[in-house]
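Reading through the structure tokens given below for one structure.
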2 protein chains.
Amino acid sequence: MKIIDGGVTAAKGFKAAAAAAEIKYKGRTDMAMVYSEVPCVAAGTFTTNVVKAAPVKWDQDIVYNHPSAQVVICNSGIANACTGAEGYGYCKETADAAAEILGVAADSVLVASTGVIGMQVPIDRIKNGVKMMAPKLDGSLEAGTEAAKAIMTTDTKKKEVAVQIEIGGKTVTVGGMCKGSGMIHPNMCTMLGFVTTDAKISKKMLQEALSEDVKDTYNMVSVDGDTSTNDTVLLLANGLAENPEITEKGEDYETFKAALNYINTTLAKKIAGDGEGATALFEVKIIGAESKEQAVTLSKSVVTSSLTKAAIYGHDANWGRILCAMGYSGAKFDPEKVDLFFESKAGKIQIIENGVAVDYSEEEATKILSEEAVTAIADVKMGDATATAWGCDLTYDYIKINADYRS
Amino acid sequence: MKIIDGGVTAAKGFKAAAAAAEIKYKGRTDMAMVYSEVPCVAAGTFTTNVVKAAPVKWDQDIVYNHPSAQVVICNSGIANACTGAEGYGYCKETADAAAEILGVAADSVLVASTGVIGMQVPIDRIKNGVKMMAPKLDGSLEAGTEAAKAIMTTDTKKKEVAVQIEIGGKTVTVGGMCKGSGMIHPNMCTMLGFVTTDAKISKKMLQEALSEDVKDTYNMVSVDGDTSTNDTVLLLANGLAENPEITEKGEDYETFKAALNYINTTLAKKIAGDGEGATALFEVKIIGAESKEQAVTLSKSVVTSSLTKAAIYGHDANWGRILCAMGYSGAKFDPEKVDLFFESKAGKIQIIENGVAVDYSEEEATKILSEEAVTAIADVKMGDATATAWGCDLTYDYIKINADYRS
């Protein structure tokens, strides 16, 4: 696998554009369009929240009931969630506008929104944005980057990544972008993620690859424990790489899945590290678990613990909070067998052995915890299963951002 | 039911004392003793965290396996959690010291600790504290208040309450104190709560009353979603009110349970309102639920949502976050039927009707949300069940307190 520059426009035949449509923000781009020259098979995973935003319902219908898709229209600023029949109608109007100008079917236009819940989108501005973007569609890497910037809300960094693999002697490219900073605790998928590939792959295998992979990637991220109404990951494959079509499990499928996993893991970690107000990416690895499920439960409980996250912000090796969060996770284990380590670029240190503190240096621990990415590793000594979850520290700025987000 | 002054010493035959034993804090009291002149039947509920502090294990043995108890020794500053066999041994040493000086059996001495996880208690200071407190034991209300102050950690207010009821022509008193401010998300009980009564009641009925009542009181409180290793509620009944013994369900049991519920509800709300860094008590009422369980799930999900809590801090009627938190709770309901209201001393306002915003005044909503106690009421229109959960806002001070709690 070769890591290359770019994002959603890295794969053959994909173009993108962005526009400043003044949906809610001023003086920045807030709409993005991703377009494939030919129809794609599409896979998607969506929020499990009972309260689903209108675009989620729109996209679910297309992904589940239609053979192909060709366009994604995304706006930031307003989430089009809790907007009733009117909000759903605006999804259709958006798709109709794009279909007309691009000469595609309306049911091949996916839509996505992110931002404030409960407001209606200004549909005339949305349609105007579509009109502005269509003629600007461009296959350059820069156009992909502009799209990645336009979908940001409280994100501080654009998030994109791309890789290349070989399948059946053909070069296949997979690239993606995402956004996500607050209300991040994906369940079955993340905030908004868009992955494009020129791989030739059946719809069934594409969906299977995505559904499997989100479990280990986006679903292992938590910024604040709040599962959004808008979580959506879309994966479009247009087949232009001309590899032998992947229609079943096997070597080619695994090669593709490894590339997809790299894209999704990278994007997921970017979301966690850019969590609202975050100063550090906080990674939690559980090792020696008796099952994957147990490892997942334990790692997610630690990564979502407010007290642990505040301690990470304070560079404080307050390991009792980590053991406590493991303890209330619901998973069974023997606390008196747990070993715990902290690790970062600055080194690795053992903090507890068999549930009790070893004689470690607080100074060294603080040094290790002062890096921009820190890892806690807990060994529960029950088996061979592992899991890794990603989150961030809990800071003053998280409060600042969220105490007055709407105004 | 008559609300009276006092706390753990309000009921007949109960005495208390406090001491500055320098367990971890300096210049303040940090140990408390509660003593009954005669043996009590004891009931208790304890943390469901797999990681249980040594005093929890000690008390569980006494409550579950011994007929009576007479003394409670509590220290603040160090939690005696994750301290292995050594920590459990210190519980026994504490009980032995109290037993010797008070002339009671060691297995009638309950112990409780709260504070930093992972440090051993300085057992010589603990034993010295026991020696200081024993001669100071006093039945005055002031002595109870001193005990309530000594068990505080990051609490900013002491928490105590007492009531009187009539059972079989006799006046029965129930009083209690508690502490709790961070790591508050009780499951089966709360941080530390101590309730005393002179009621004559069988051990079986006492435990049943407590176990039932914590579900609606302490278990409905969340400050930060972190279920502690030390959560303990102890209820001691010494029978000195001389009422006909309560040995079965019936009118007397219900009278007693109503008093206990008032004590526990009051203490639970005091914990929520004094949550670490909190500026407001945040109450979430779900009405019109199809079952109690559904109402509990929905109300707890909202009260623990970091985004909702930050919005409450900002006096921001960001109702989308409330609907979102209901949506990811796991409970099934129709978001398009939900009505939502905010209420406080400053008034009541409807925000959404059938899942969509009504034309409310943001200014008025902010005024209502600027009080020290605010309530969100959501009607899901499915039945008659209700539940109320209590929490607090999420503030800069929560971060400040917890980013550097240990040092």
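Chain labels run A, B, ... following the order of the structure tokens; each chain numbers its residues from 1, and ligands are numbered from 1 in the order shown.
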Exercise. Please give the complete set of residues from stretch 77-302 of chain B that DSSP, run on the backbone, assigns to strand (DSSP E or B), formatted as an NGL selection string.
Key: :B and (77-78 or 109-116 or 138 or 159-167 or 170-179 or 192-197 or 201 or 221 or 232-237 or 246 or 281-289)
Determine, for each residue of chain A having at least one atom at most 7 Å from an atom of chain B, the closest pair of atoms and their separation in Å to one decimal, counting only C-alpha atoms; order by chain and ascending number, as a Markdown table.
| residue | atom | partner | partner_atom | distance |
| --- | --- | --- | --- | --- |
| A:Asn49 | CA | B:Tyr328 | CA | 4.5 |
| A:Val50 | CA | B:Gly327 | CA | 4.4 |
| A:Val51 | CA | B:Gly327 | CA | 4.9 |
| A:Cys82 | CA | B:Val356 | CA | 6.1 |
| A:Thr83 | CA | B:Val356 | CA | 6.1 |
| A:Gly84 | CA | B:Val356 | CA | 6.8 |
| A:Ile117 | CA | B:Gly320 | CA | 5.0 |
| A:Gly118 | CA | B:Gly320 | CA | 5.8 |
| A:Asp224 | CA | B:Ser306 | CA | 6.3 |
| A:Asp226 | CA | B:Ser305 | CA | 6.4 |
| A:Thr227 | CA | B:Tyr328 | CA | 6.0 |
| A:Ser228 | CA | B:Cys324 | CA | 6.6 |
| A:Thr229 | CA | B:Cys324 | CA | 6.2 |
| A:Ser305 | CA | B:Asp226 | CA | 6.4 |
| A:Ser306 | CA | B:Asp224 | CA | 6.3 |
| A:Leu307 | CA | B:Asn402 | CA | 6.3 |
| A:Ala310 | CA | B:Ala403 | CA | 4.6 |
| A:Ala311 | CA | B:Ala403 | CA | 4.5 |
| A:Tyr313 | CA | B:Ala403 | CA | 5.8 |
| A:Gly314 | CA | B:Ala403 | CA | 4.2 |
| A:Asp316 | CA | B:Asp404 | CA | 6.7 |
| A:Gly320 | CA | B:Ile117 | CA | 5.0 |
| A:Cys324 | CA | B:Thr229 | CA | 6.2 |
| A:Ala325 | CA | B:Asp226 | CA | 6.7 |
| A:Gly327 | CA | B:Val50 | CA | 4.4 |
| A:Tyr328 | CA | B:Asn49 | CA | 4.5 |
| A:Pro335 | CA | B:Val51 | CA | 6.0 |
| A:Gly355 | CA | B:Cys82 | CA | 6.2 |
| A:Val356 | CA | B:Cys82 | CA | 6.1 |
| A:Ala357 | CA | B:Gly118 | CA | 6.9 |
| A:Thr395 | CA | B:Ile399 | CA | 6.1 |
| A:Tyr396 | CA | B:Tyr396 | CA | 5.3 |
| A:Ile399 | CA | B:Ala310 | CA | 5.9 |
| A:Asn402 | CA | B:Ala310 | CA | 5.5 |
| A:Ala403 | CA | B:Gly314 | CA | 4.2 |
| A:Asp404 | CA | B:Gly314 | CA | 5.6 |
Residues of the last selection are to be written out with N, CA, C and O atoms, as a short mmCIF file (atom, residue, chain, number, x, y, z; two decimals), in the first residue's frame.
data_model
loop_
_atom_site.label_atom_id
_atom_site.label_comp_id
_atom_site.auth_asym_id
_atom_site.auth_seq_id
_atom_site.Cartn_x
_atom_site.Cartn_y
_atom_site.Cartn_z
N ASN A 49 -28.89 6.68 16.03
CA ASN A 49 -29.77 7.55 16.82
C ASN A 49 -31.20 7.43 16.28
O ASN A 49 -31.42 7.43 15.07
N VAL A 50 -32.17 7.32 17.20
CA VAL A 50 -33.58 7.25 16.81
C VAL A 50 -33.97 8.54 16.08
O VAL A 50 -34.81 8.53 15.18
N VAL A 51 -33.34 9.64 16.50
CA VAL A 51 -33.58 10.92 15.83
C VAL A 51 -32.60 11.02 14.66
O VAL A 51 -31.42 11.27 14.85
N CYS A 82 -34.34 17.19 12.94
CA CYS A 82 -35.53 17.65 13.67
C CYS A 82 -36.24 18.73 12.87
O CYS A 82 -36.62 19.78 13.40
N THR A 83 -36.40 18.50 11.59
CA THR A 83 -36.98 19.51 10.71
C THR A 83 -38.22 18.98 9.99
O THR A 83 -38.75 19.64 9.08
N GLY A 84 -38.67 17.78 10.39
CA GLY A 84 -39.94 17.25 9.89
C GLY A 84 -39.99 17.04 8.39
O GLY A 84 -38.96 16.90 7.72
N ILE A 117 -28.81 21.67 15.03
CA ILE A 117 -30.03 20.88 14.93
C ILE A 117 -31.24 21.79 15.07
O ILE A 117 -31.22 22.73 15.84
N GLY A 118 -32.29 21.49 14.32
CA GLY A 118 -33.58 22.15 14.57
C GLY A 118 -33.88 23.35 13.70
O GLY A 118 -34.98 23.88 13.75
N ASP A 224 -17.24 13.10 22.92
CA ASP A 224 -18.03 13.53 24.07
C ASP A 224 -19.18 12.60 24.43
O ASP A 224 -20.03 12.96 25.23
N ASP A 226 -21.71 11.84 22.81
CA ASP A 226 -22.99 12.19 22.21
C ASP A 226 -23.07 11.66 20.77
O ASP A 226 -22.34 12.14 19.89
N THR A 227 -23.92 10.67 20.53
CA THR A 227 -24.09 10.11 19.19
C THR A 227 -24.99 11.02 18.36
O THR A 227 -26.13 11.24 18.71
N SER A 228 -24.45 11.53 17.30
CA SER A 228 -25.14 12.54 16.49
C SER A 228 -26.37 12.01 15.76
O SER A 228 -26.54 10.82 15.55
N THR A 229 -27.20 12.96 15.35
CA THR A 229 -28.36 12.66 14.52
C THR A 229 -27.99 12.53 13.05
O THR A 229 -28.81 12.13 12.23
N SER A 305 -14.56 8.52 29.45
CA SER A 305 -14.67 8.97 30.84
C SER A 305 -14.25 10.44 30.97
O SER A 305 -13.12 10.81 30.71
N SER A 306 -15.19 11.28 31.40
CA SER A 306 -14.91 12.71 31.54
C SER A 306 -13.75 12.94 32.50
O SER A 306 -12.90 13.81 32.27
N LEU A 307 -13.72 12.19 33.58
CA LEU A 307 -12.66 12.39 34.57
C LEU A 307 -11.29 12.02 34.00
O LEU A 307 -10.31 12.72 34.21
N ALA A 310 -10.25 14.73 31.53
CA ALA A 310 -9.78 15.94 32.20
C ALA A 310 -8.36 15.72 32.75
O ALA A 310 -7.52 16.62 32.71
N ALA A 311 -8.09 14.52 33.23
CA ALA A 311 -6.75 14.22 33.75
C ALA A 311 -5.71 14.25 32.63
O ALA A 311 -4.59 14.72 32.82
N TYR A 313 -5.89 16.12 30.01
CA TYR A 313 -5.67 17.56 29.78
C TYR A 313 -4.66 18.10 30.79
O TYR A 313 -3.80 18.92 30.45
N GLY A 314 -4.73 17.64 32.03
CA GLY A 314 -3.82 18.11 33.07
C GLY A 314 -2.49 17.38 33.07
O GLY A 314 -1.69 17.55 33.99
N ASP A 316 -1.89 14.49 33.88
CA ASP A 316 -1.85 13.88 35.20
C ASP A 316 -2.05 12.36 35.08
O ASP A 316 -3.06 11.91 34.56
N GLY A 320 -6.11 5.86 38.60
CA GLY A 320 -7.28 5.34 39.31
C GLY A 320 -8.55 5.56 38.49
O GLY A 320 -9.46 4.73 38.49
N CYS A 324 -11.09 2.77 37.23
CA CYS A 324 -12.48 2.99 37.60
C CYS A 324 -13.39 2.91 36.37
O CYS A 324 -14.44 2.25 36.39
N ALA A 325 -12.98 3.54 35.27
CA ALA A 325 -13.79 3.52 34.05
C ALA A 325 -13.86 2.12 33.46
O ALA A 325 -14.89 1.72 32.91
N GLY A 327 -13.84 -0.46 35.28
CA GLY A 327 -14.67 -1.16 36.25
C GLY A 327 -16.15 -0.97 36.02
O GLY A 327 -16.95 -1.88 36.26
N TYR A 328 -16.57 0.23 35.58
CA TYR A 328 -18.01 0.45 35.37
C TYR A 328 -18.45 0.21 33.94
O TYR A 328 -19.59 0.48 33.58
N PRO A 335 -9.67 -6.75 38.51
CA PRO A 335 -8.86 -5.52 38.63
C PRO A 335 -7.50 -5.79 39.25
O PRO A 335 -6.55 -5.05 39.00
N GLY A 355 -2.91 -4.39 39.37
CA GLY A 355 -3.91 -3.55 40.03
C GLY A 355 -3.39 -2.57 41.06
O GLY A 355 -4.16 -1.78 41.61
N VAL A 356 -2.11 -2.60 41.34
CA VAL A 356 -1.55 -1.71 42.37
C VAL A 356 -0.42 -0.90 41.76
O VAL A 356 0.32 -1.38 40.90
N ALA A 357 -0.27 0.34 42.19
CA ALA A 357 0.74 1.24 41.62
C ALA A 357 2.15 0.70 41.83
O ALA A 357 2.48 0.21 42.92
N THR A 395 -11.31 19.83 27.81
CA THR A 395 -10.62 21.08 28.11
C THR A 395 -11.60 22.24 28.33
O THR A 395 -12.79 22.13 28.04
N TYR A 396 -11.04 23.35 28.79
CA TYR A 396 -11.84 24.58 28.92
C TYR A 396 -12.50 24.94 27.59
O TYR A 396 -13.63 25.38 27.55
N ILE A 399 -15.86 23.44 26.73
CA ILE A 399 -16.96 24.15 27.39
C ILE A 399 -17.26 25.45 26.64
O ILE A 399 -18.41 25.77 26.36
N ASN A 402 -19.09 24.87 23.45
CA ASN A 402 -20.43 24.29 23.54
C ASN A 402 -21.41 25.02 24.45
O ASN A 402 -22.61 24.75 24.42
N ALA A 403 -20.90 25.92 25.28
CA ALA A 403 -21.82 26.69 26.12
C ALA A 403 -22.54 27.72 25.27
O ALA A 403 -23.59 28.21 25.63
N ASP A 404 -22.00 28.03 24.14
CA ASP A 404 -22.61 29.08 23.33
C ASP A 404 -22.45 28.80 21.85
O ASP A 404 -22.11 29.69 21.07
#
Quiz item: Which polymer residues have any atom within 9 Å of an atom of A:Ala143, counting only C-alpha atoms, with same-chain residues fewer than 6 positions away left out, as JSON, numbers by chain?
Solution: {"A": [8, 9, 15, 16, 17, 18, 136, 137]}
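Minimum atom-to-atom distances from B:Gly277, B:Pro135, B:Pro55, B:Gly7 to B:Glu93 were compared using only C-alpha atoms, and the lowest value belongs to B:Pro55.
Note that the spacing between atom CA of B:Asp155 and atom CA of B:Thr366 amounts to 27.3 Å.
Proximity ranking of B:Ala43, B:Ile368, B:Val195, B:Ala97 relative to B:Gly176 places B:Val195 first, based on only C-alpha atoms.
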Quiz prompt | Within 9 Å of stretch 287-291 of chain B using only C-alpha atoms, minus same-chain residues under 4 positions, as a ChimeraX atom specification | solution = /B:295-296,333,377-388
Atoms to include: all heavy atoms. Write the selected residues as an mmCIF file, in the first residue's frame.
data_model
loop_
_atom_site.group_PDB
_atom_site.id
_atom_site.type_symbol
_atom_site.label_atom_id
_atom_site.label_comp_id
_atom_site.auth_asym_id
_atom_site.auth_seq_id
_atom_site.Cartn_x
_atom_site.Cartn_y
_atom_site.Cartn_z
ATOM 1 N N ALA B 295 -38.775 5.773 30.628
ATOM 2 C CA ALA B 295 -38.640 7.135 31.149
ATOM 3 C C ALA B 295 -37.277 7.324 31.815
ATOM 4 O O ALA B 295 -36.621 8.356 31.662
ATOM 5 C CB ALA B 295 -39.773 7.432 32.128
ATOM 6 N N VAL B 296 -36.836 6.301 32.545
ATOM 7 C CA VAL B 296 -35.532 6.365 33.216
ATOM 8 C C VAL B 296 -34.406 6.454 32.176
ATOM 9 O O VAL B 296 -33.507 7.286 32.276
ATOM 10 C CB VAL B 296 -35.331 5.122 34.127
ATOM 11 C CG1 VAL B 296 -33.874 4.993 34.568
ATOM 12 C CG2 VAL B 296 -36.258 5.198 35.333
ATOM 13 N N PHE B 333 -38.917 5.681 20.664
ATOM 14 C CA PHE B 333 -40.002 6.662 20.723
ATOM 15 C C PHE B 333 -40.069 7.345 19.370
ATOM 16 O O PHE B 333 -39.173 7.185 18.536
ATOM 17 C CB PHE B 333 -39.758 7.694 21.842
ATOM 18 C CG PHE B 333 -38.570 8.576 21.589
ATOM 19 C CD1 PHE B 333 -38.718 9.852 21.065
ATOM 20 C CD2 PHE B 333 -37.282 8.121 21.858
ATOM 21 C CE1 PHE B 333 -37.619 10.662 20.820
ATOM 22 C CE2 PHE B 333 -36.167 8.927 21.611
ATOM 23 C CZ PHE B 333 -36.338 10.195 21.086
ATOM 24 N N ILE B 377 -38.587 19.366 30.542
ATOM 25 C CA ILE B 377 -39.693 18.399 30.602
ATOM 26 C C ILE B 377 -39.997 17.948 29.178
ATOM 27 O O ILE B 377 -40.325 18.765 28.323
ATOM 28 C CB ILE B 377 -40.956 19.051 31.214
ATOM 29 C CG1 ILE B 377 -40.636 19.614 32.609
ATOM 30 C CG2 ILE B 377 -42.106 18.031 31.280
ATOM 31 C CD1 ILE B 377 -41.636 20.658 33.077
ATOM 32 N N ALA B 378 -39.861 16.650 28.940
ATOM 33 C CA ALA B 378 -40.163 16.120 27.612
ATOM 34 C C ALA B 378 -41.325 15.151 27.707
ATOM 35 O O ALA B 378 -41.314 14.216 28.502
ATOM 36 C CB ALA B 378 -38.943 15.427 27.020
ATOM 37 N N ASP B 379 -42.332 15.384 26.882
ATOM 38 C CA ASP B 379 -43.515 14.522 26.832
ATOM 39 C C ASP B 379 -43.417 13.677 25.562
ATOM 40 O O ASP B 379 -43.412 14.217 24.455
ATOM 41 C CB ASP B 379 -44.775 15.399 26.798
ATOM 42 C CG ASP B 379 -46.056 14.584 26.905
ATOM 43 O OD1 ASP B 379 -45.987 13.344 26.767
ATOM 44 O OD2 ASP B 379 -47.128 15.194 27.119
ATOM 45 N N VAL B 380 -43.298 12.350 25.729
ATOM 46 C CA VAL B 380 -43.159 11.487 24.552
ATOM 47 C C VAL B 380 -44.495 10.889 24.108
ATOM 48 O O VAL B 380 -44.554 10.152 23.117
ATOM 49 C CB VAL B 380 -42.104 10.369 24.778
ATOM 50 C CG1 VAL B 380 -40.718 10.986 24.908
ATOM 51 C CG2 VAL B 380 -42.430 9.519 25.983
ATOM 52 N N LYS B 381 -45.572 11.206 24.867
ATOM 53 C CA LYS B 381 -46.944 10.870 24.455
ATOM 54 C C LYS B 381 -47.167 9.407 24.081
ATOM 55 O O LYS B 381 -47.733 9.094 23.030
ATOM 56 C CB LYS B 381 -47.344 11.762 23.262
ATOM 57 C CG LYS B 381 -47.295 13.257 23.577
ATOM 58 C CD LYS B 381 -47.702 14.078 22.364
ATOM 59 C CE LYS B 381 -47.393 15.543 22.521
ATOM 60 N NZ LYS B 381 -47.418 16.255 21.252
ATOM 61 N N MET B 382 -46.692 8.533 24.945
ATOM 62 C CA MET B 382 -46.896 7.105 24.682
ATOM 63 C C MET B 382 -47.657 6.421 25.807
ATOM 64 O O MET B 382 -48.118 5.301 25.640
ATOM 65 C CB MET B 382 -45.539 6.416 24.506
ATOM 66 C CG MET B 382 -44.744 6.952 23.327
ATOM 67 S SD MET B 382 -43.082 6.253 23.260
ATOM 68 C CE MET B 382 -43.422 4.627 22.582
ATOM 69 N N GLY B 383 -47.731 7.065 26.991
ATOM 70 C CA GLY B 383 -48.399 6.427 28.120
ATOM 71 C C GLY B 383 -48.359 7.326 29.333
ATOM 72 O O GLY B 383 -48.308 8.550 29.186
ATOM 73 N N ASP B 384 -48.371 6.720 30.528
ATOM 74 C CA ASP B 384 -48.484 7.508 31.756
ATOM 75 C C ASP B 384 -47.235 7.472 32.631
ATOM 76 O O ASP B 384 -47.214 8.067 33.704
ATOM 77 C CB ASP B 384 -49.663 6.982 32.601
ATOM 78 C CG ASP B 384 -50.993 7.211 31.900
ATOM 79 O OD1 ASP B 384 -51.097 8.241 31.205
ATOM 80 O OD2 ASP B 384 -51.884 6.355 32.037
ATOM 81 N N ALA B 385 -46.207 6.761 32.214
ATOM 82 C CA ALA B 385 -45.029 6.614 33.080
ATOM 83 C C ALA B 385 -44.166 7.869 33.050
ATOM 84 O O ALA B 385 -44.112 8.589 32.049
ATOM 85 C CB ALA B 385 -44.219 5.395 32.665
ATOM 86 N N THR B 386 -43.510 8.136 34.179
ATOM 87 C CA THR B 386 -42.644 9.307 34.295
ATOM 88 C C THR B 386 -41.346 8.923 35.009
ATOM 89 O O THR B 386 -41.277 7.898 35.676
ATOM 90 C CB THR B 386 -43.310 10.437 35.113
ATOM 91 O OG1 THR B 386 -43.408 9.989 36.469
ATOM 92 C CG2 THR B 386 -44.680 10.776 34.586
ATOM 93 N N ALA B 387 -40.340 9.757 34.844
ATOM 94 C CA ALA B 387 -39.101 9.611 35.629
ATOM 95 C C ALA B 387 -38.419 10.963 35.674
ATOM 96 O O ALA B 387 -38.560 11.781 34.772
ATOM 97 C CB ALA B 387 -38.173 8.564 35.019
ATOM 98 N N THR B 388 -37.681 11.192 36.759
ATOM 99 C CA THR B 388 -36.933 12.437 36.911
ATOM 100 C C THR B 388 -35.479 12.097 37.213
ATOM 101 O O THR B 388 -35.197 11.275 38.083
ATOM 102 C CB THR B 388 -37.510 13.274 38.073
ATOM 103 O OG1 THR B 388 -38.893 13.508 37.817
ATOM 104 C CG2 THR B 388 -36.783 14.602 38.191
#
Quiz prompt | Test item: residues at most 7 Å from stretch 341-343 of chain A, only C-alpha atoms, excluding those fewer than 5 positions along its chain, as a list in words | solution = Lys348, Ile349, Gln350, Ile351, Ile368, Val374, Thr375, Ala376, Ile377 and Ala378 of chain A
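Nearest residue to A:Met220, choosing from A:Met33, A:Ile271, A:Met152, A:Ala237 and counting only C-alpha atoms: A:Ile271.
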Quiz prompt | stretch 91-156 of chain A: residues DSSP assigns to helix (DSSP H, G or I), reported as a PyMOL selection string | solution = chain A and resi 91-102+106-108+123-136+141-150
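Residues in contact with B:Ile126 at 10 Å, where only C-alpha atoms are counted and same-chain residues fewer than 2 positions away are skipped, are listed as B:Ala19, B:Ala21, B:Glu22, B:Ile23, B:Asp30, B:Met31, B:Ile73, B:Cys74, B:Asn75, B:Tyr90, B:Cys91, B:Glu93, B:Thr94, B:Ala97, B:Val121, B:Pro122, B:Ile123, B:Asp124, B:Asn128, B:Gly129, B:Val130, B:Lys131, B:Met132.
Counting only C-alpha atoms, stretch 64-67 of chain A has the following residues at most 12 Å away, ignoring those fewer than 5 positions along the same chain: Pro39, Cys40, Val41, Ala42, Ala43, Gly44, Thr45, Phe46, Val56, Lys57, Trp58, Asp59, Ala105, Ala106, Asp107, Ser108, Val109, Leu110, Ser202, Lys203, Lys204, Gln207, Leu234, Leu236 and Ala237 of chain A.
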